[in-house]
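Enquirer: What follows is a single structure, and I will ask about it in a moment.
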Amino acid sequence: MDYRTGRDAGFTPLQAIMDVKSAVRWVRQHAEELGADPEKLAICGASAGGYISVSSIMFDHLNDDGDDVTVSAVPDKLVIFAAGMDGVDIMSRRYPELLSVAEEISPIHHVRRCLPQTLWMCGTGDDLYEQNRGFVQEMQDAGNPITFKTYDGMEHGFFNYGRHNNTYFHTTNQEIEGFLRPWLEQAH
């Protein structure tokens with residue numbers, strides 16, 4: 001199996017990471033026809049989606065063969081909800097065939113300055129809270145501009161529509177809007 005593509009194993013986190021990069025590049029390349037600003041691109045990921053979003057930024061060597069790698073795959077802003085950052089843990093539980101490369105694709109094992117301005121949200125009752133808190137602190141110490149918002153006692157997925165009478169769905173949407181609006185309204 002080619003671990004960089006994961007093609008022999010079907011859909012894998014590796015392919016998902018490359019798909020995020022491909023999507024960011026595609027939007028940048030088609031911004032004019034989409035009526036978008038190619039320099040104002042944000043991505044959001046929750047749980048596993050947060051893992052692949054962060055990993056797409058951290059691991060430069062993972063790219064789809066068809067991508068134009070001269071086009072930046074790094075978004076200008078990032079929003080994350082309670083993401084597992086330990087690739088070794090993820091692969092051990094879900095993708096044992098990728099254990100040989102698990103540390104190589106584990107953000108928690110590759111802390112460095114690389115993220116754009118980031119809003120990171122997590123409930124303190126989430127099983128991933130301590131991992132998220134520790135990872136965010138290490139990334140901040142490395143110079144990453146991350147705002148870490150916590151929600152007391154809230155569990156994994158607390159922000160999803162239909163939970164908690166939609167209180168946190170609305171609260172977190174307002175938080176995201178407050179994070180992005182000033183940036184979107186800036187002229188460049």
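Lettering and numbering for the structure tokens are positional, with chains as A, B, ... in the shown order, residues counted from 1 in each chain, and ligands counted from 1 in the shown order.
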For region 124-139 of chain A, find every residue with an atom within 6 Å (counting only C-alpha atoms), except residues of its own chain fewer than 3 positions away, and show them as a list in words.
Expert: Val111, Ala142, Asn144, Tyr151, Asp152, Gly153, Met154, Glu155 and His156 of chain A
Enquirer: Taking only region 34-100 of chain A into account, list the residues labelled strand (DSSP E or B) by DSSP (computed from the backbone), as a list in words.
Expert: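 The strand (DSSP E or B) subset of region 34-100 of chain A is Ala42, Ile43, Cys44, Gly45, Ala46, Lys77, Leu78, Val79, Ile80 and Phe81 of chain A.
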Enquirer: Taking the backbone alone, and naming residues the way the document does, which bits of chain A are helix (DSSP H, G or I) by DSSP, as a PyMOL selection string?
Expert: chain A and resi 7-9+13-29+31-34+48-58+87-94+96-101+107-109+129-141+164-185
Enquirer: Given only C-alpha atoms as the basis, pick out the residue of A:Ile108, A:Leu119, A:Ile43, A:Leu98 nearest to Met85 (chain A).
Expert: A:Ile108
Enquirer: With distances taken over only C-alpha atoms, which of A:Arg113, A:Arg181, A:His61, A:Lys77 is nearest to Cys44 (chain A)?
Expert: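 For Cys44 (chain A), the nearest of the given residues is A:Lys77.
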Enquirer: If we count only C-alpha atoms, what is near Asp60 (chain A) at a cut-off of 12 Å, once residues fewer than 2 positions away on the same chain are taken out, given as a VMD selection string?
Expert: chain A and resid 4 17 to 18 21 54 to 58 62 to 64 69 to 70 72 to 74 104 to 105 110 114
Enquirer: Mind writing the picked residues with all heavy atoms as a short mmCIF file (atom, residue, chain, number, x, y, z; two decimals), in the first residue's frame?
Expert:
```cif
data_model
loop_
_atom_site.label_atom_id
_atom_site.label_comp_id
_atom_site.auth_asym_id
_atom_site.auth_seq_id
_atom_site.Cartn_x
_atom_site.Cartn_y
_atom_site.Cartn_z
N ARG A 4 1.07 7.25 1.25
CA ARG A 4 0.83 8.66 0.92
C ARG A 4 -0.51 8.85 0.23
O ARG A 4 -1.08 9.93 0.29
CB ARG A 4 1.96 9.21 0.05
CG ARG A 4 3.24 9.38 0.86
CD ARG A 4 4.42 9.70 0.00
NE ARG A 4 4.73 8.49 -0.76
CZ ARG A 4 5.04 8.47 -2.05
NH1 ARG A 4 5.10 9.56 -2.74
NH2 ARG A 4 5.31 7.34 -2.66
N ILE A 17 -7.04 13.92 4.20
CA ILE A 17 -6.12 15.06 4.37
C ILE A 17 -5.81 15.67 3.01
O ILE A 17 -5.87 16.89 2.83
CB ILE A 17 -4.83 14.61 5.09
CG1 ILE A 17 -5.12 14.25 6.55
CG2 ILE A 17 -3.75 15.70 5.00
CD1 ILE A 17 -4.00 13.47 7.23
N MET A 18 -5.51 14.82 2.05
CA MET A 18 -5.20 15.31 0.71
C MET A 18 -6.43 15.95 0.06
O MET A 18 -6.31 16.93 -0.68
CB MET A 18 -4.64 14.18 -0.16
CG MET A 18 -3.25 13.76 0.29
SD MET A 18 -2.47 12.52 -0.77
CE MET A 18 -3.45 11.07 -0.41
N LYS A 21 -6.74 19.52 1.23
CA LYS A 21 -5.78 20.36 0.49
C LYS A 21 -6.25 20.62 -0.93
O LYS A 21 -6.17 21.74 -1.44
CB LYS A 21 -4.41 19.68 0.47
CG LYS A 21 -3.75 19.62 1.82
CD LYS A 21 -2.49 18.78 1.74
CE LYS A 21 -1.34 19.62 2.18
NZ LYS A 21 -0.09 18.87 2.26
N VAL A 54 -6.50 20.23 10.38
CA VAL A 54 -5.20 20.61 10.96
C VAL A 54 -4.08 19.86 10.25
O VAL A 54 -3.05 20.44 9.89
CB VAL A 54 -5.18 20.36 12.48
CG1 VAL A 54 -3.78 20.53 13.06
CG2 VAL A 54 -6.17 21.29 13.19
N SER A 55 -4.28 18.57 10.01
CA SER A 55 -3.25 17.76 9.35
C SER A 55 -2.97 18.25 7.94
O SER A 55 -1.82 18.19 7.47
CB SER A 55 -3.67 16.29 9.33
OG SER A 55 -3.73 15.77 10.64
N SER A 56 -3.99 18.74 7.25
CA SER A 56 -3.78 19.23 5.88
C SER A 56 -2.83 20.42 5.86
O SER A 56 -2.14 20.65 4.87
CB SER A 56 -5.11 19.61 5.23
OG SER A 56 -5.60 20.85 5.72
N ILE A 57 -2.76 21.13 6.96
CA ILE A 57 -1.86 22.28 7.07
C ILE A 57 -0.48 21.84 7.55
O ILE A 57 0.54 22.34 7.08
CB ILE A 57 -2.46 23.34 8.02
CG1 ILE A 57 -3.77 23.87 7.44
CG2 ILE A 57 -1.47 24.46 8.29
CD1 ILE A 57 -4.63 24.63 8.44
N MET A 58 -0.45 20.89 8.46
CA MET A 58 0.81 20.51 9.10
C MET A 58 1.71 19.62 8.25
O MET A 58 2.92 19.65 8.42
CB MET A 58 0.52 19.83 10.44
CG MET A 58 -0.07 20.78 11.46
SD MET A 58 -0.16 20.09 13.11
CE MET A 58 1.55 20.27 13.64
N LEU A 62 1.97 15.46 2.07
CA LEU A 62 0.77 14.75 1.63
C LEU A 62 0.01 15.60 0.62
O LEU A 62 -0.63 16.59 0.98
CB LEU A 62 -0.13 14.42 2.83
CG LEU A 62 0.45 13.47 3.86
CD1 LEU A 62 -0.50 13.35 5.05
CD2 LEU A 62 0.71 12.10 3.25
N ASN A 63 0.09 15.24 -0.64
CA ASN A 63 -0.59 15.97 -1.71
C ASN A 63 -1.11 14.98 -2.74
O ASN A 63 -0.46 13.98 -3.04
CB ASN A 63 0.37 16.93 -2.41
CG ASN A 63 0.80 18.06 -1.50
OD1 ASN A 63 0.03 18.95 -1.21
ND2 ASN A 63 2.04 18.00 -1.04
N ASP A 64 -2.27 15.28 -3.29
CA ASP A 64 -2.81 14.47 -4.37
C ASP A 64 -1.93 14.66 -5.60
O ASP A 64 -1.48 15.78 -5.89
CB ASP A 64 -4.25 14.90 -4.67
CG ASP A 64 -4.92 13.94 -5.61
OD1 ASP A 64 -4.77 14.13 -6.83
OD2 ASP A 64 -5.59 13.00 -5.13
N VAL A 69 0.77 22.03 -6.77
CA VAL A 69 1.30 22.33 -5.44
C VAL A 69 1.87 23.74 -5.33
O VAL A 69 2.28 24.16 -4.24
CB VAL A 69 2.34 21.28 -4.97
CG1 VAL A 69 1.68 19.91 -4.80
CG2 VAL A 69 3.53 21.21 -5.90
N THR A 70 1.89 24.49 -6.44
CA THR A 70 2.30 25.89 -6.34
C THR A 70 1.16 26.76 -5.80
O THR A 70 1.39 27.89 -5.41
CB THR A 70 2.75 26.45 -7.72
OG1 THR A 70 1.63 26.46 -8.61
CG2 THR A 70 3.89 25.62 -8.29
N SER A 72 -1.39 27.53 -2.85
CA SER A 72 -1.41 27.28 -1.41
C SER A 72 -2.64 26.47 -0.99
O SER A 72 -3.76 26.78 -1.37
CB SER A 72 -1.41 28.61 -0.64
OG SER A 72 -1.53 28.35 0.75
N ALA A 73 -2.37 25.45 -0.18
CA ALA A 73 -3.45 24.63 0.38
C ALA A 73 -3.75 25.04 1.82
O ALA A 73 -4.58 24.42 2.48
CB ALA A 73 -3.05 23.15 0.35
N VAL A 74 -3.10 26.09 2.28
CA VAL A 74 -3.31 26.56 3.66
C VAL A 74 -4.40 27.62 3.66
O VAL A 74 -4.27 28.64 2.98
CB VAL A 74 -2.01 27.12 4.26
CG1 VAL A 74 -2.24 27.66 5.67
CG2 VAL A 74 -0.92 26.05 4.26
N GLU A 104 3.92 9.76 12.02
CA GLU A 104 4.25 10.69 10.95
C GLU A 104 3.08 11.61 10.60
O GLU A 104 3.28 12.73 10.17
CB GLU A 104 4.68 9.90 9.70
CG GLU A 104 5.10 10.78 8.56
CD GLU A 104 5.46 9.97 7.33
OE1 GLU A 104 5.85 8.79 7.46
OE2 GLU A 104 5.36 10.53 6.23
N ILE A 105 1.84 11.14 10.81
CA ILE A 105 0.65 11.94 10.49
C ILE A 105 -0.12 12.30 11.76
O ILE A 105 -1.34 12.39 11.76
CB ILE A 105 -0.25 11.23 9.45
CG1 ILE A 105 -0.69 9.86 9.95
CG2 ILE A 105 0.46 11.16 8.11
CD1 ILE A 105 -1.76 9.20 9.10
N HIS A 110 4.11 16.66 16.08
CA HIS A 110 4.82 17.54 15.15
C HIS A 110 4.48 19.01 15.39
O HIS A 110 4.24 19.77 14.45
CB HIS A 110 4.47 17.16 13.70
CG HIS A 110 4.94 15.80 13.35
ND1 HIS A 110 6.24 15.54 12.97
CD2 HIS A 110 4.30 14.60 13.36
CE1 HIS A 110 6.37 14.24 12.75
NE2 HIS A 110 5.21 13.65 12.98
N CYS A 114 2.67 26.87 12.17
CA CYS A 114 2.19 26.59 10.81
C CYS A 114 0.74 26.97 10.59
O CYS A 114 0.31 27.08 9.45
CB CYS A 114 2.38 25.11 10.48
SG CYS A 114 1.50 23.99 11.59
#
```
Enquirer: Can you build me a table of region 16-92 of chain A residues sitting at most 10 Å from region 168-177 of chain A, with the closest atom pair per residue and its distance in Å to one decimal, using only C-alpha atoms, sorted by chain and residue number, as a tab-separated table?
Expert:
```
residue	atom	partner	partner_atom	distance
A:Cys44	CA	A:Ile176	CA	9.5
A:Leu78	CA	A:Ile176	CA	9.9
A:Val79	CA	A:Ile176	CA	7.5
A:Ile80	CA	A:Ile176	CA	10.0
A:Phe81	CA	A:Thr172	CA	9.6
```
Enquirer: List the neighbours of region 29-39 of chain A out to 10 Å using only C-alpha atoms; skip same-chain residues closer than 6 positions along the sequence, and give me the result as an mmCIF file with all heavy atoms, in the first residue's frame.
Expert:
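Here's the written file part-v7.cif:
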```
data_model
loop_
_atom_site.group_PDB
_atom_site.id
_atom_site.type_symbol
_atom_site.label_atom_id
_atom_site.label_comp_id
_atom_site.auth_asym_id
_atom_site.auth_seq_id
_atom_site.Cartn_x
_atom_site.Cartn_y
_atom_site.Cartn_z
ATOM 1 N N ALA A 23 -9.296 20.616 -2.045
ATOM 2 C CA ALA A 23 -10.459 21.509 -2.018
ATOM 3 C C ALA A 23 -10.035 22.966 -1.841
ATOM 4 O O ALA A 23 -10.555 23.858 -2.524
ATOM 5 C CB ALA A 23 -11.419 21.090 -0.899
ATOM 6 N N ASP A 68 -1.914 21.075 -8.226
ATOM 7 C CA ASP A 68 -0.879 22.065 -8.539
ATOM 8 C C ASP A 68 -0.349 22.555 -7.188
ATOM 9 O O ASP A 68 -0.971 23.383 -6.531
ATOM 10 C CB ASP A 68 -1.471 23.228 -9.336
ATOM 11 C CG ASP A 68 -0.456 24.317 -9.651
ATOM 12 O OD1 ASP A 68 0.679 24.265 -9.120
ATOM 13 O OD2 ASP A 68 -0.816 25.231 -10.412
ATOM 14 N N VAL A 71 -0.062 26.202 -5.755
ATOM 15 C CA VAL A 71 -1.214 26.905 -5.194
ATOM 16 C C VAL A 71 -1.296 26.539 -3.711
ATOM 17 O O VAL A 71 -1.289 25.354 -3.357
ATOM 18 C CB VAL A 71 -2.525 26.511 -5.915
ATOM 19 C CG1 VAL A 71 -3.727 27.176 -5.271
ATOM 20 C CG2 VAL A 71 -2.439 26.851 -7.403
ATOM 21 N N SER A 72 -1.388 27.529 -2.850
ATOM 22 C CA SER A 72 -1.411 27.284 -1.405
ATOM 23 C C SER A 72 -2.638 26.475 -0.993
ATOM 24 O O SER A 72 -3.765 26.783 -1.366
ATOM 25 C CB SER A 72 -1.414 28.606 -0.642
ATOM 26 O OG SER A 72 -1.534 28.349 0.746
ATOM 27 N N PRO A 75 -5.469 27.385 4.405
ATOM 28 C CA PRO A 75 -6.518 28.402 4.471
ATOM 29 C C PRO A 75 -6.016 29.638 5.207
ATOM 30 O O PRO A 75 -4.999 29.588 5.898
ATOM 31 C CB PRO A 75 -7.626 27.703 5.260
ATOM 32 C CG PRO A 75 -6.888 26.753 6.142
ATOM 33 C CD PRO A 75 -5.723 26.280 5.317
ATOM 34 N N ASP A 76 -6.749 30.730 5.070
ATOM 35 C CA ASP A 76 -6.369 31.975 5.732
ATOM 36 C C ASP A 76 -6.867 32.037 7.171
ATOM 37 O O ASP A 76 -6.310 32.771 7.988
ATOM 38 C CB ASP A 76 -6.909 33.156 4.926
ATOM 39 C CG ASP A 76 -6.376 33.110 3.505
ATOM 40 O OD1 ASP A 76 -5.158 33.291 3.330
ATOM 41 O OD2 ASP A 76 -7.159 32.854 2.576
ATOM 42 N N LYS A 77 -7.903 31.279 7.475
ATOM 43 C CA LYS A 77 -8.440 31.163 8.838
ATOM 44 C C LYS A 77 -8.867 29.724 9.035
ATOM 45 O O LYS A 77 -9.196 29.004 8.085
ATOM 46 C CB LYS A 77 -9.664 32.056 9.054
ATOM 47 C CG LYS A 77 -9.415 33.535 8.889
ATOM 48 C CD LYS A 77 -8.752 34.140 10.091
ATOM 49 C CE LYS A 77 -8.659 35.645 9.879
ATOM 50 N NZ LYS A 77 -7.961 36.320 10.897
ATOM 51 N N LEU A 184 -13.433 39.392 7.246
ATOM 52 C CA LEU A 184 -14.112 39.417 5.951
ATOM 53 C C LEU A 184 -14.432 40.836 5.495
ATOM 54 O O LEU A 184 -14.462 41.112 4.293
ATOM 55 C CB LEU A 184 -15.391 38.578 6.011
ATOM 56 C CG LEU A 184 -15.170 37.072 6.138
ATOM 57 C CD1 LEU A 184 -16.497 36.355 6.402
ATOM 58 C CD2 LEU A 184 -14.478 36.512 4.902
ATOM 59 N N HIS A 188 -8.463 44.641 1.268
ATOM 60 C CA HIS A 188 -7.010 44.375 1.136
ATOM 61 C C HIS A 188 -6.465 44.949 -0.123
ATOM 62 O O HIS A 188 -7.013 45.604 -0.901
ATOM 63 C CB HIS A 188 -6.651 42.903 1.227
ATOM 64 C CG HIS A 188 -7.275 42.011 0.208
ATOM 65 N ND1 HIS A 188 -8.335 41.224 0.524
ATOM 66 C CD2 HIS A 188 -7.039 41.832 -1.112
ATOM 67 C CE1 HIS A 188 -8.679 40.542 -0.580
ATOM 68 N NE2 HIS A 188 -7.910 40.901 -1.577
#
```
Enquirer: Using only C-alpha atoms, which protein or nucleic acid residues come within 9 Å of Thr147 (chain A)? Drop anything in the same chain fewer than 3 positions from it, and give the result as a list in words.
Expert: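 Final neighbour list, sorted by chain and number: Gln117, Thr118, Leu119, Trp120, Met121, Val136 and Gln140 of chain A.
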Enquirer: One decimal, in Å: what's the spacing between CA of Arg93 (chain A) and CA of Thr150 (chain A)?
Expert: 26.2 Å
Enquirer: Extract, using only C-alpha atoms, all DNA, RNA and protein residues at most 9 Å from Trp183 (chain A), discarding same-chain residues fewer than 4 positions from it, and format them as a CSV table (one decimal) with N, CA, C and O atoms, in the first residue's frame.
Expert:
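Below is the file that was written, result-v3.csv:
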```
chain,number,residue,atom,x,y,z
A,40,LYS,N,-9.2,35.0,1.1
A,40,LYS,CA,-10.0,35.0,2.3
A,40,LYS,C,-10.8,33.7,2.4
A,40,LYS,O,-12.0,33.6,2.2
A,179,PHE,N,-15.5,35.8,15.0
A,179,PHE,CA,-14.1,35.5,14.6
A,179,PHE,C,-13.9,35.9,13.1
A,179,PHE,O,-12.8,36.5,12.8
A,187,ALA,N,-10.8,45.4,3.8
A,187,ALA,CA,-10.4,45.5,2.4
A,187,ALA,C,-8.9,45.2,2.4
A,187,ALA,O,-8.2,45.3,3.3
```
Enquirer: If you measure from CA of Asp65 (chain A) to CA of Val27 (chain A), what distance in Å do you get, rounded to one decimal?
Expert: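 Rounded to one decimal, the two atoms are 17.4 Å apart.
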Enquirer: At what distance in Å, to one decimal, does CA of Ala48 (chain A) lie from CA of Arg25 (chain A)?
Expert: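 A separation of 20.6 Å between them.
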Enquirer: Quick one: of A:Ala42, A:Pro145, A:Pro107, A:Trp26, who's nearest to Gly66 (chain A), counting only C-alpha atoms?
Expert: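 For Gly66 (chain A), the nearest of the candidates is A:Trp26.
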Enquirer: I'd like the neighbourhood of Ile90 (chain A) as a JSON list (two decimals) with N, CA and C atoms, in the first residue's frame, where a residue qualifies if any of its atoms comes within 9 Å (using only C-alpha atoms), though same-chain residues fewer than 5 positions away should be ignored.
Expert:
```
[["chain", "number", "residue", "atom", "x", "y", "z"],
["A", 84, "GLY", "N", -9.38, 15.22, 17.54],
["A", 84, "GLY", "CA", -8.33, 14.32, 18.01],
["A", 84, "GLY", "C", -7.03, 14.65, 17.28],
["A", 85, "MET", "N", -5.99, 14.95, 18.01],
["A", 85, "MET", "CA", -4.72, 15.34, 17.41],
["A", 85, "MET", "C", -3.65, 14.26, 17.50],
["A", 95, "TYR", "N", -7.77, 2.64, 12.07],
["A", 95, "TYR", "CA", -7.04, 2.29, 10.85],
["A", 95, "TYR", "C", -5.73, 1.59, 11.19],
["A", 96, "PRO", "N", -5.79, 0.38, 11.76],
["A", 96, "PRO", "CA", -4.56, -0.29, 12.17],
["A", 96, "PRO", "C", -3.58, -0.52, 11.02],
["A", 102, "ALA", "N", 1.54, 6.22, 11.60],
["A", 102, "ALA", "CA", 0.66, 6.98, 12.50],
["A", 102, "ALA", "C", 1.36, 8.17, 13.15],
["A", 106, "SER", "N", 0.61, 12.51, 12.82],
["A", 106, "SER", "CA", 0.03, 12.83, 14.12],
["A", 106, "SER", "C", 0.41, 14.27, 14.51]]
```
